[in-house]
file entry05.txt (compact mmCIF, C-alpha atoms)
# COMPACT_ATOMS: atom_id res chain seq x y z
CA MET A 1 52.13 35.79 104.97
CA ASP A 2 55.14 34.51 106.89
CA PHE A 3 58.02 36.77 108.02
CA GLN A 4 61.33 35.28 109.12
CA ASP A 5 64.89 36.63 109.10
CA GLY A 6 63.82 39.65 107.05
CA ILE A 7 62.25 37.43 104.38
CA SER A 8 58.59 37.33 103.45
CA ARG A 9 56.89 34.15 102.16
CA PHE A 10 53.32 34.14 100.84
CA ILE A 11 51.04 32.37 98.38
CA SER A 12 49.97 33.94 95.09
CA ASP A 13 47.66 32.79 92.32
CA ALA A 14 49.42 35.00 89.79
CA PRO A 15 52.33 33.49 87.86
CA PRO A 16 55.69 35.30 87.72
CA ALA A 17 55.58 38.21 85.29
CA HIS A 18 59.12 38.05 83.94
CA TYR A 19 60.50 34.53 83.67
CA ILE A 20 59.75 30.85 84.32
CA VAL A 21 62.10 27.86 84.44
CA LYS A 22 60.52 24.41 84.21
CA ILE A 23 62.80 21.51 85.15
CA GLN A 24 62.01 17.89 84.32
CA LEU A 25 63.84 15.06 86.07
CA PHE A 26 65.11 17.48 88.72
CA SER A 27 66.79 14.69 90.69
CA LEU A 28 69.28 14.15 87.86
CA LEU A 29 70.82 17.57 88.48
CA THR A 30 72.42 16.37 91.70
CA LYS A 31 73.16 12.91 90.33
CA ASN A 32 75.07 14.52 87.46
CA SER A 33 76.99 16.84 89.85
CA ILE A 34 75.30 20.01 88.62
CA GLN A 35 75.79 22.26 91.63
CA LYS A 36 74.63 25.42 89.86
CA TYR A 37 72.24 26.02 86.98
CA GLU A 38 71.91 29.38 85.21
CA SER A 39 68.88 30.10 83.06
CA GLU A 40 68.92 31.88 79.73
CA GLU A 41 68.84 35.68 79.79
CA PHE A 42 65.60 37.58 80.23
CA GLU A 43 64.88 41.30 80.29
CA ALA A 44 63.23 43.28 83.07
CA GLY A 45 63.47 46.95 83.97
CA GLY A 46 65.80 47.71 81.08
CA TYR A 47 68.44 45.17 82.16
CA LYS A 48 69.17 41.53 81.38
CA TRP A 49 69.06 38.90 84.11
CA LYS A 50 69.47 35.21 84.77
CA LEU A 51 67.80 32.97 87.32
CA VAL A 52 70.44 30.97 89.20
CA LEU A 53 69.50 27.71 90.90
CA TYR A 54 71.62 25.77 93.42
CA PRO A 55 69.83 22.38 93.65
CA SER A 56 71.66 21.29 96.80
CA GLY A 57 72.29 24.73 98.28
CA ASN A 58 74.87 27.44 97.67
CA MET A 59 78.11 25.63 98.54
CA SER A 60 80.12 28.87 98.58
CA LYS A 61 78.02 30.00 101.56
CA ASN A 62 78.11 26.55 103.15
CA VAL A 63 74.34 26.19 102.71
CA LYS A 64 73.00 22.70 103.36
CA ASP A 65 69.59 21.06 103.32
CA HIS A 66 68.07 23.90 101.29
CA ILE A 67 67.59 24.93 97.69
CA SER A 68 69.22 28.30 96.97
CA LEU A 69 67.68 30.56 94.33
CA HIS A 70 69.38 33.74 93.11
CA LEU A 71 69.07 36.45 90.52
CA ALA A 72 72.14 37.48 88.46
CA LEU A 73 72.68 40.69 86.52
CA VAL A 74 74.07 40.00 83.06
CA GLY A 75 76.96 42.25 82.05
CA ALA A 76 77.63 43.66 85.52
CA SER A 77 81.35 43.80 84.77
CA SER A 78 80.70 46.48 82.15
CA LEU A 79 78.96 48.78 84.63
CA HIS A 80 80.77 51.93 85.65
CA HIS A 81 82.55 51.52 88.98
CA ASP A 82 80.23 53.97 90.76
CA SER A 83 76.93 52.71 89.31
CA GLU A 84 74.40 50.79 91.38
CA ILE A 85 71.06 49.25 90.45
CA HIS A 86 68.55 48.92 93.28
CA VAL A 87 66.08 46.10 92.73
CA LYS A 88 63.13 44.42 94.45
CA ILE A 89 63.14 40.67 93.81
CA ARG A 90 60.35 38.14 93.93
CA LEU A 91 61.25 34.50 93.35
CA PHE A 92 58.59 31.86 92.75
CA LEU A 93 58.03 28.12 93.15
CA LEU A 94 54.93 26.48 91.70
CA ASP A 95 52.69 24.40 93.98
CA GLN A 96 51.39 21.97 91.36
CA ASN A 97 48.79 20.48 93.71
CA ASN A 98 47.00 23.77 94.36
CA ASP A 99 47.93 25.60 91.15
CA ASN A 100 49.43 28.57 92.97
CA TYR A 101 52.90 29.86 93.81
CA LEU A 102 55.08 30.15 96.86
CA VAL A 103 56.58 33.64 96.59
CA VAL A 104 59.74 34.62 98.46
CA GLN A 105 60.81 38.26 98.74
CA ASP A 106 62.58 40.61 101.10
CA ALA A 107 60.37 41.99 103.86
CA LEU A 108 59.63 45.66 104.51
CA GLY A 109 60.36 46.76 100.97
CA LYS A 110 64.08 46.02 101.17
CA GLU A 111 66.00 46.59 97.94
CA ARG A 112 68.92 44.54 96.68
CA ARG A 113 71.98 46.36 95.27
CA PHE A 114 73.66 45.17 92.10
CA HIS A 115 76.94 46.72 90.96
CA LYS A 116 80.24 45.88 89.31
CA MET A 117 81.53 43.94 92.32
CA LYS A 118 78.22 42.25 93.13
CA SER A 119 76.35 40.73 90.22
CA GLU A 120 74.33 38.06 92.02
CA CYS A 121 72.12 37.84 95.08
CA GLY A 122 69.00 36.06 96.27
CA PHE A 123 67.82 33.61 98.90
CA ASP A 124 70.26 30.95 100.07
CA GLN A 125 67.56 29.25 102.12
CA PHE A 126 64.84 29.53 99.52
CA ILE A 127 63.10 26.32 100.65
CA PRO A 128 64.19 23.35 102.77
CA LEU A 129 64.96 20.29 100.65
CA LYS A 130 62.76 18.23 102.97
CA ASP A 131 59.71 20.32 102.07
CA PHE A 132 60.67 20.59 98.40
CA ASN A 133 61.02 16.81 98.00
CA ASP A 134 57.73 16.10 99.81
CA GLU A 135 55.41 15.41 96.87
CA SER A 136 52.34 16.10 99.01
CA LYS A 137 53.38 19.76 99.14
CA GLY A 138 53.24 20.00 95.36
CA TYR A 139 56.62 21.59 94.64
CA LEU A 140 58.25 18.53 93.08
CA VAL A 141 55.70 16.25 91.40
CA GLU A 142 56.86 13.32 89.28
CA ASP A 143 60.34 14.89 89.42
CA VAL A 144 59.11 18.10 87.75
CA CYS A 145 59.25 21.61 89.24
CA VAL A 146 58.76 25.21 88.11
CA PHE A 147 60.66 28.27 89.35
CA GLY A 148 60.10 31.88 88.39
CA ALA A 149 61.20 35.47 88.90
CA GLU A 150 59.92 39.03 88.97
CA VAL A 151 62.40 41.89 88.95
CA PHE A 152 61.46 45.49 89.70
CA VAL A 153 64.17 48.10 89.18
CA CYS A 154 63.60 50.85 91.75
CA LYS A 155 66.44 53.24 91.04
CA GLU A 156 69.83 53.62 89.44
CA ILE A 157 72.56 55.45 91.32
CA ASN A 158 75.73 57.04 90.00
CA LYS A 159 77.84 58.10 92.97
CA GLY A 160 80.26 60.33 91.08
CA LYS A 161 83.92 60.23 90.18
CA GLY A 162 86.61 58.10 91.77
CA GLU A 163 90.25 57.20 91.46
CA SER A 164 92.58 54.29 92.08
CA LEU A 165 96.05 54.72 93.58
CA VAL A 166 98.39 51.80 92.90
CA MET A 167 101.74 51.82 94.70
CA VAL A 168 104.63 49.99 93.04
CA MET A 169 106.43 47.21 94.88
CA ASP A 170 110.18 46.93 94.23
CA ALA A 171 110.13 49.91 91.89
CA ILE A 172 112.80 50.01 89.18
CA ALA A 173 115.10 53.01 88.64
CA TYR A 174 115.31 53.95 84.98
CA LYS A 175 118.54 55.73 83.95
CA HIS A 176 119.15 58.05 81.04
CA VAL A 177 122.21 60.05 79.97
CA TRP A 178 121.80 63.20 77.90
CA GLY A 179 124.94 64.39 76.19
CA ILE A 180 124.79 68.02 75.05
CA GLU A 181 127.27 68.81 72.27
CA ASN A 182 128.41 72.40 71.56
CA VAL A 183 126.93 73.36 74.89
CA LEU A 184 128.69 76.74 75.18
CA THR A 185 127.01 78.01 72.01
CA LYS A 186 123.61 76.99 73.40
CA LEU A 187 123.81 79.00 76.60
CA ASP A 188 122.13 81.96 74.92
CA SER A 189 118.97 79.96 74.20
CA GLU A 190 115.94 80.13 76.47
CA CYS A 191 115.53 76.36 76.77
CA HIS A 192 117.32 73.31 75.46
CA VAL A 193 115.29 70.07 75.37
CA SER A 194 116.51 66.47 75.14
CA LYS A 195 115.07 63.85 72.84
CA PRO A 196 112.20 61.87 74.45
CA PHE A 197 113.17 58.74 76.37
CA SER A 198 111.19 56.02 78.13
CA ALA A 199 110.91 55.35 81.84
CA GLY A 200 108.19 52.95 82.82
CA LYS A 201 105.36 53.24 80.33
CA TYR A 202 105.82 57.00 80.01
CA GLU A 203 107.88 59.25 77.74
CA TRP A 204 110.03 61.96 79.31
CA VAL A 205 112.35 64.80 78.35
CA LEU A 206 115.03 66.75 80.20
CA LYS A 207 114.97 70.54 79.97
CA LEU A 208 117.89 72.87 80.60
CA TYR A 209 117.15 76.60 80.94
CA PRO A 210 120.53 78.44 80.61
CA LYS A 211 119.05 81.76 81.79
CA GLY A 212 116.98 80.20 84.53
CA LYS A 213 113.27 79.62 84.98
CA GLY A 214 110.78 80.87 87.53
CA VAL A 215 112.56 82.10 90.65
CA GLY A 216 115.86 81.21 88.98
CA LEU A 217 115.33 83.55 86.03
CA GLY A 218 118.12 86.13 85.83
CA SER A 219 119.82 84.82 88.98
CA GLY A 220 122.99 83.63 87.31
CA TYR A 221 121.91 80.02 87.81
CA PHE A 222 120.66 77.65 85.14
CA SER A 223 117.53 75.59 85.76
CA LEU A 224 117.21 71.84 85.20
CA TYR A 225 113.86 70.04 84.91
CA LEU A 226 112.35 66.66 84.16
CA ALA A 227 109.10 66.78 82.15
CA LEU A 228 106.53 64.53 80.53
CA ALA A 229 107.25 64.53 76.81
CA ASP A 230 103.58 64.87 75.83
CA PRO A 231 101.39 65.61 78.86
CA LYS A 232 98.26 65.75 76.68
CA THR A 233 98.40 61.96 76.35
CA LEU A 234 97.95 61.57 80.13
CA PRO A 235 94.25 61.35 81.16
CA PRO A 236 93.06 64.28 83.33
CA GLN A 237 92.78 62.25 86.56
CA SER A 238 96.08 60.39 86.14
CA LYS A 239 99.10 61.20 88.30
CA ILE A 240 102.56 59.66 88.57
CA TYR A 241 104.43 59.68 91.89
CA THR A 242 108.11 59.78 90.97
CA GLN A 243 111.50 59.92 92.63
CA MET A 244 113.84 61.85 90.34
CA ILE A 245 117.59 62.21 90.54
CA LEU A 246 119.18 64.79 88.24
CA ARG A 247 122.95 64.96 87.94
CA ILE A 248 125.47 67.12 86.11
CA VAL A 249 128.51 64.91 85.59
CA ASP A 250 132.00 66.18 86.50
CA GLN A 251 133.97 64.60 83.66
CA LYS A 252 137.33 65.33 85.30
CA GLN A 253 137.14 64.73 89.02
CA SER A 254 133.79 62.93 89.47
CA SER A 255 132.58 65.73 91.74
CA HIS A 256 129.10 65.41 90.31
CA LEU A 257 126.35 67.80 91.32
CA THR A 258 123.26 65.76 92.19
CA GLY A 259 119.73 66.75 93.12
CA LYS A 260 117.11 64.31 94.36
CA PHE A 261 113.45 64.69 95.35
CA ASN A 262 110.00 63.11 95.03
CA CYS A 263 107.07 64.71 93.25
CA TRP A 264 103.81 64.13 91.40
CA PHE A 265 103.55 64.49 87.62
CA SER A 266 100.23 65.04 85.85
CA ALA A 267 98.80 66.66 82.73
CA THR A 268 98.59 69.97 84.62
CA ASN A 269 101.89 69.52 86.50
CA ALA A 270 104.03 68.09 83.74
CA GLU A 271 107.41 69.59 84.69
CA ASN A 272 109.36 69.40 87.94
CA GLY A 273 112.93 70.26 88.80
CA TYR A 274 115.36 72.88 90.11
CA PRO A 275 114.97 76.57 89.23
CA ARG A 276 118.46 77.25 90.67
CA TYR A 277 120.44 74.15 89.87
CA MET A 278 123.99 75.50 89.37
CA LEU A 279 125.73 78.81 88.83
CA LEU A 280 126.58 79.24 85.17
CA SER A 281 130.04 80.47 86.16
CA THR A 282 130.66 77.22 88.05
CA PHE A 283 129.24 75.18 85.20
CA THR A 284 131.51 76.73 82.56
CA GLY A 285 134.55 77.29 84.80
CA GLN A 286 137.82 75.72 83.71
CA LEU A 287 138.54 74.33 87.16
CA GLY A 288 135.54 72.04 87.04
CA GLY A 289 134.89 69.21 84.64
CA TYR A 290 131.23 69.92 83.95
CA VAL A 291 131.95 71.10 80.41
CA LEU A 292 134.71 69.19 78.65
CA LYS A 293 135.51 69.71 74.98
CA ASP A 294 132.32 71.77 74.71
CA LYS A 295 130.19 68.87 75.91
CA CYS A 296 128.28 68.22 79.13
CA LEU A 297 126.56 65.13 80.46
CA VAL A 298 123.21 65.23 82.25
CA GLU A 299 122.09 62.05 83.99
CA ALA A 300 118.56 61.27 85.10
CA GLU A 301 117.31 58.43 87.31
CA ILE A 302 113.55 58.03 87.43
CA THR A 303 111.75 55.70 89.80
CA ILE A 304 107.96 55.45 89.60
CA HIS A 305 106.55 54.63 93.04
CA GLY A 306 102.84 55.06 92.44
CA VAL A 307 100.22 55.75 89.76
CA VAL A 308 96.76 57.25 90.10
CA ASP A 309 94.13 56.54 87.44
CA ALA A 310 90.42 57.19 87.21
CA LEU A 311 88.29 54.23 88.27
CA SER A 312 86.63 52.50 85.37
call {"tool": "encode", "arguments": {"input": "entry05.txt", "output": "structure tokens"}}
result
Amino acid sequence: MDFQDGISRFISDAPPAHYIVKIQLFSLLTKNSIQKYESEEFEAGGYKWKLVLYPSGNMSKNVKDHISLHLALVGASSLHHDSEIHVKIRLFLLDQNNDNYLVVQDALGKERRFHKMKSECGFDQFIPLKDFNDESKGYLVEDVCVFGAEVFVCKEINKGKGESLVMVMDAIAYKHVWGIENVLTKLDSECHVSKPFSAGKYEWVLKLYPKGKGVGLGSGYFSLYLALADPKTLPPQSKIYTQMILRIVDQKQSSHLTGKFNCWFSATNAENGYPRYMLLSTFTGQLGGYVLKDKCLVEAEITIHGVVDALS
């Protein structure tokens, strides 16, 4: 047994247990510019795999003068983001002169990790081309060779939950105007809600509480909030980082009352705003222009700066 660079090479009389690839006229692979050959799928350890051969070396790793031989996990892209499969790999090359196999594996029981972002690994310097092409060594005889694989799944790991935060470059401000007709007759209600409107890919509503909400309840102020129209449609781990500007328009003198702040929205925090936005007496006073001909205008500007979603 030979150990070098963490790789073990030894001779075995037993053929590979899981898959064999026999190639006739091997030299035509390179002549026909086939830099990579993938076998058909085979099953081992409850998963499907492919044997991947680089006849002139793995060019992506700048490998020269060697054959590279890898194992690829089929369907790795469908794995959950936090799943890993730990595998011990044995790759084989038939010595046709002695009817046995050169076996290459990781030394000291090392395991290879396959996951969503890494579906292929193996041995870039599986065998020097000089040795492989030397017919006296038995690996390539009359332009025929045989490779093989054994795959032993050691364990499967699920690390747990995760999330992805994506910040938005050059975020767009979405504007909406809510006109409330007959507003003076609605000041006795507990809450007045706008029709849903879109900002980004989400639906929102504005809520006006004439008698106040939370710390503003019974204070003489009305409360003004922005809310997700249907928070149940937002997945539990999702959050939306938003800059919101809420404005009561002064229809006479343009002395608008504006509030601005940043906050997170989620299924469990679906409503944000001002519990003490404006005194009702100021709002309905004849000196101001906030209510004109029994109508008020509420403006909202919504800018989505970031979104958190569960990793998939």
call {"tool": "residues_around", "arguments": {"input": "entry05.txt", "residues": "A:Leu184", "least_positions_apart": "2", "cutoff": "10 Å", "atoms": "all atoms listed in the file", "output": "short mmCIF file (atom, residue, chain, number, x, y, z; two decimals) with C-alpha atoms, in the frame of the given file"}}
result
data_model
loop_
_atom_site.label_atom_id
_atom_site.label_comp_id
_atom_site.auth_asym_id
_atom_site.auth_seq_id
_atom_site.Cartn_x
_atom_site.Cartn_y
_atom_site.Cartn_z
CA ILE A 180 124.79 68.02 75.05
CA GLU A 181 127.27 68.81 72.27
CA ASN A 182 128.41 72.40 71.56
CA LYS A 186 123.61 76.99 73.40
CA LEU A 187 123.81 79.00 76.60
CA ASP A 188 122.13 81.96 74.92
CA PRO A 210 120.53 78.44 80.61
CA THR A 284 131.51 76.73 82.56
CA VAL A 291 131.95 71.10 80.41
CA LYS A 293 135.51 69.71 74.98
CA ASP A 294 132.32 71.77 74.71
CA LYS A 295 130.19 68.87 75.91
CA CYS A 296 128.28 68.22 79.13
#
call {"tool": "residues_around", "arguments": {"input": "entry05.txt", "residues": "A:Ser198", "least_positions_apart": "2", "cutoff": "12 Å", "atoms": "only C-alpha atoms", "output": "list in words"}}
result
Ala173, Tyr174, Lys175, His176, Val177, Lys195, Pro196, Gly200, Lys201, Tyr202, Glu203, Trp204, Val205, Leu206, Ala227, Leu228, Ala229, Asp230, Ala300, Glu301, Ile302, Thr303 and Ile304 of chain A
call {"tool": "write_last_selection", "arguments": {"input": "entry05.txt", "atoms": "C-alpha atoms", "output": "mmCIF file, keeping the file's coordinate frame"}}
result
data_model
loop_
_atom_site.group_PDB
_atom_site.id
_atom_site.type_symbol
_atom_site.label_atom_id
_atom_site.label_comp_id
_atom_site.auth_asym_id
_atom_site.auth_seq_id
_atom_site.Cartn_x
_atom_site.Cartn_y
_atom_site.Cartn_z
ATOM 1 C CA ALA A 173 115.100 53.010 88.640
ATOM 2 C CA TYR A 174 115.310 53.950 84.980
ATOM 3 C CA LYS A 175 118.540 55.730 83.950
ATOM 4 C CA HIS A 176 119.150 58.050 81.040
ATOM 5 C CA VAL A 177 122.210 60.050 79.970
ATOM 6 C CA LYS A 195 115.070 63.850 72.840
ATOM 7 C CA PRO A 196 112.200 61.870 74.450
ATOM 8 C CA GLY A 200 108.190 52.950 82.820
ATOM 9 C CA LYS A 201 105.360 53.240 80.330
ATOM 10 C CA TYR A 202 105.820 57.000 80.010
ATOM 11 C CA GLU A 203 107.880 59.250 77.740
ATOM 12 C CA TRP A 204 110.030 61.960 79.310
ATOM 13 C CA VAL A 205 112.350 64.800 78.350
ATOM 14 C CA LEU A 206 115.030 66.750 80.200
ATOM 15 C CA ALA A 227 109.100 66.780 82.150
ATOM 16 C CA LEU A 228 106.530 64.530 80.530
ATOM 17 C CA ALA A 229 107.250 64.530 76.810
ATOM 18 C CA ASP A 230 103.580 64.870 75.830
ATOM 19 C CA ALA A 300 118.560 61.270 85.100
ATOM 20 C CA GLU A 301 117.310 58.430 87.310
ATOM 21 C CA ILE A 302 113.550 58.030 87.430
ATOM 22 C CA THR A 303 111.750 55.700 89.800
ATOM 23 C CA ILE A 304 107.960 55.450 89.600
#
call {"tool": "atom_distance", "arguments": {"input": "entry05.txt", "atom1": "atom CA of A:His70", "atom2": "atom CA of A:Gly57"}}
result
10.8 Å
call {"tool": "closest_residue", "arguments": {"input": "entry05.txt", "among": "A:Lys31, A:Lys22, A:Lys239, A:Arg276", "to": "A:Tyr221", "atoms": "only C-alpha atoms"}}
result
A:Arg276
call {"tool": "closest_residue", "arguments": {"input": "entry05.txt", "among": "A:Lys130, A:Asn269, A:Tyr274, A:Leu311", "to": "A:Val215", "atoms": "all atoms listed in the file"}}
result
A:Tyr274
call {"tool": "closest_residue", "arguments": {"input": "entry05.txt", "among": "A:Asp82, A:Asp65, A:Glu142, A:Glu111", "to": "A:Gln24", "atoms": "only C-alpha atoms"}}
result
A:Glu142
call {"tool": "residues_around", "arguments": {"input": "entry05.txt", "residues": "stretch 153-168 of chain A", "least_positions_apart": "3", "cutoff": "9 Å", "atoms": "all atoms listed in the file", "output": "number ranges by chain"}}
result
A: 44-47, 80-89, 111, 171, 237-239, 241, 304-312
call {"tool": "closest_residue", "arguments": {"input": "entry05.txt", "among": "A:Gln96, A:Ser219, A:Ser12, A:Ser78", "to": "A:Val146", "atoms": "all atoms listed in the file"}}
result
A:Gln96
call {"tool": "atom_distance", "arguments": {"input": "entry05.txt", "atom1": "atom CA of A:Cys121", "atom2": "atom CA of A:Leu51"}}
result
10.1 Å
call {"tool": "closest_residue", "arguments": {"input": "entry05.txt", "among": "A:Pro55, A:Gly109, A:Gly216, A:Gly138", "to": "A:Phe152", "atoms": "all atoms listed in the file"}}
result
A:Gly109
call {"tool": "closest_residue", "arguments": {"input": "entry05.txt", "among": "A:Ser223, A:Asn32, A:Asn58, A:Ser266", "to": "A:Ile248", "atoms": "only C-alpha atoms"}}
result
A:Ser223
call {"tool": "residues_around", "arguments": {"input": "entry05.txt", "residues": "A:Lys61", "least_positions_apart": "3", "cutoff": "12 Å", "atoms": "only C-alpha atoms", "output": "compact mmCIF listing (two decimals) with C-alpha atoms, in the frame of the given file"}}
result
# COMPACT_ATOMS: atom_id res chain seq x y z
CA TYR A 54 71.62 25.77 93.42
CA SER A 56 71.66 21.29 96.80
CA GLY A 57 72.29 24.73 98.28
CA ASN A 58 74.87 27.44 97.67
CA LYS A 64 73.00 22.70 103.36
CA HIS A 66 68.07 23.90 101.29
CA SER A 68 69.22 28.30 96.97
CA CYS A 121 72.12 37.84 95.08
CA PHE A 123 67.82 33.61 98.90
CA ASP A 124 70.26 30.95 100.07
CA GLN A 125 67.56 29.25 102.12
call {"tool": "build_atoms", "arguments": {"input": "entry05.txt", "residues": "stretch 253-274 of chain A", "atoms": "N, CA, C and O atoms", "output": "compact mmCIF listing (two decimals), in the coordinates of the input"}}
result
# COMPACT_ATOMS: atom_id res chain seq x y z
N GLN A 253 136.83 65.13 87.65
CA GLN A 253 137.14 64.73 89.02
C GLN A 253 136.01 63.93 89.69
O GLN A 253 136.09 63.61 90.88
N SER A 254 134.95 63.67 88.93
CA SER A 254 133.79 62.93 89.47
C SER A 254 133.13 63.63 90.65
O SER A 254 132.53 62.99 91.52
N SER A 255 133.28 64.96 90.71
CA SER A 255 132.58 65.73 91.74
C SER A 255 131.20 66.15 91.20
O SER A 255 130.94 67.33 90.96
N HIS A 256 130.39 65.16 90.97
CA HIS A 256 129.10 65.41 90.31
C HIS A 256 128.19 66.24 91.21
O HIS A 256 128.23 66.11 92.45
N LEU A 257 127.37 67.06 90.59
CA LEU A 257 126.35 67.80 91.32
C LEU A 257 125.03 67.08 91.14
O LEU A 257 124.54 66.93 90.01
N THR A 258 124.45 66.62 92.25
CA THR A 258 123.26 65.76 92.19
C THR A 258 122.11 66.38 92.99
O THR A 258 122.31 66.88 94.11
N GLY A 259 120.95 66.34 92.42
CA GLY A 259 119.73 66.75 93.12
C GLY A 259 118.73 65.62 93.11
O GLY A 259 118.59 64.89 92.11
N LYS A 260 118.04 65.44 94.23
CA LYS A 260 117.11 64.31 94.36
C LYS A 260 115.87 64.75 95.13
O LYS A 260 115.99 65.35 96.19
N PHE A 261 114.69 64.47 94.59
CA PHE A 261 113.45 64.69 95.35
C PHE A 261 112.29 63.92 94.73
O PHE A 261 112.40 63.42 93.60
N ASN A 262 111.21 63.82 95.47
CA ASN A 262 110.00 63.11 95.03
C ASN A 262 108.93 64.12 94.68
O ASN A 262 108.79 65.15 95.34
N CYS A 263 108.13 63.79 93.67
CA CYS A 263 107.07 64.71 93.25
C CYS A 263 106.03 63.97 92.42
O CYS A 263 106.23 62.84 91.98
N TRP A 264 104.89 64.64 92.23
CA TRP A 264 103.81 64.13 91.40
C TRP A 264 103.87 64.79 90.03
O TRP A 264 104.03 66.01 89.92
N PHE A 265 103.71 63.99 88.98
CA PHE A 265 103.55 64.49 87.62
C PHE A 265 102.11 64.25 87.17
O PHE A 265 101.51 63.22 87.50
N SER A 266 101.57 65.19 86.40
CA SER A 266 100.23 65.04 85.85
C SER A 266 100.14 65.89 84.59
O SER A 266 101.10 66.59 84.22
N ALA A 267 98.98 65.86 83.95
CA ALA A 267 98.80 66.66 82.73
C ALA A 267 98.91 68.15 83.03
O ALA A 267 99.35 68.94 82.19
N THR A 268 98.53 68.54 84.25
CA THR A 268 98.59 69.97 84.62
C THR A 268 99.85 70.31 85.41
O THR A 268 100.09 71.48 85.71
N ASN A 269 100.62 69.32 85.80
CA ASN A 269 101.89 69.52 86.50
C ASN A 269 102.93 68.63 85.83
O ASN A 269 103.40 67.65 86.40
N ALA A 270 103.26 68.99 84.60
CA ALA A 270 104.03 68.09 83.74
C ALA A 270 105.53 68.28 83.85
O ALA A 270 106.29 67.53 83.24
N GLU A 271 105.99 69.25 84.65
CA GLU A 271 107.41 69.59 84.69
C GLU A 271 107.83 69.89 86.13
O GLU A 271 107.21 70.69 86.80
N ASN A 272 108.84 69.18 86.59
CA ASN A 272 109.36 69.40 87.94
C ASN A 272 110.88 69.41 87.90
O ASN A 272 111.51 68.71 87.10
N GLY A 273 111.48 70.22 88.78
CA GLY A 273 112.93 70.26 88.80
C GLY A 273 113.47 71.37 89.68
O GLY A 273 112.84 71.75 90.69
N TYR A 274 114.64 71.92 89.28
CA TYR A 274 115.36 72.88 90.11
C TYR A 274 115.48 74.20 89.37
O TYR A 274 116.19 74.30 88.36
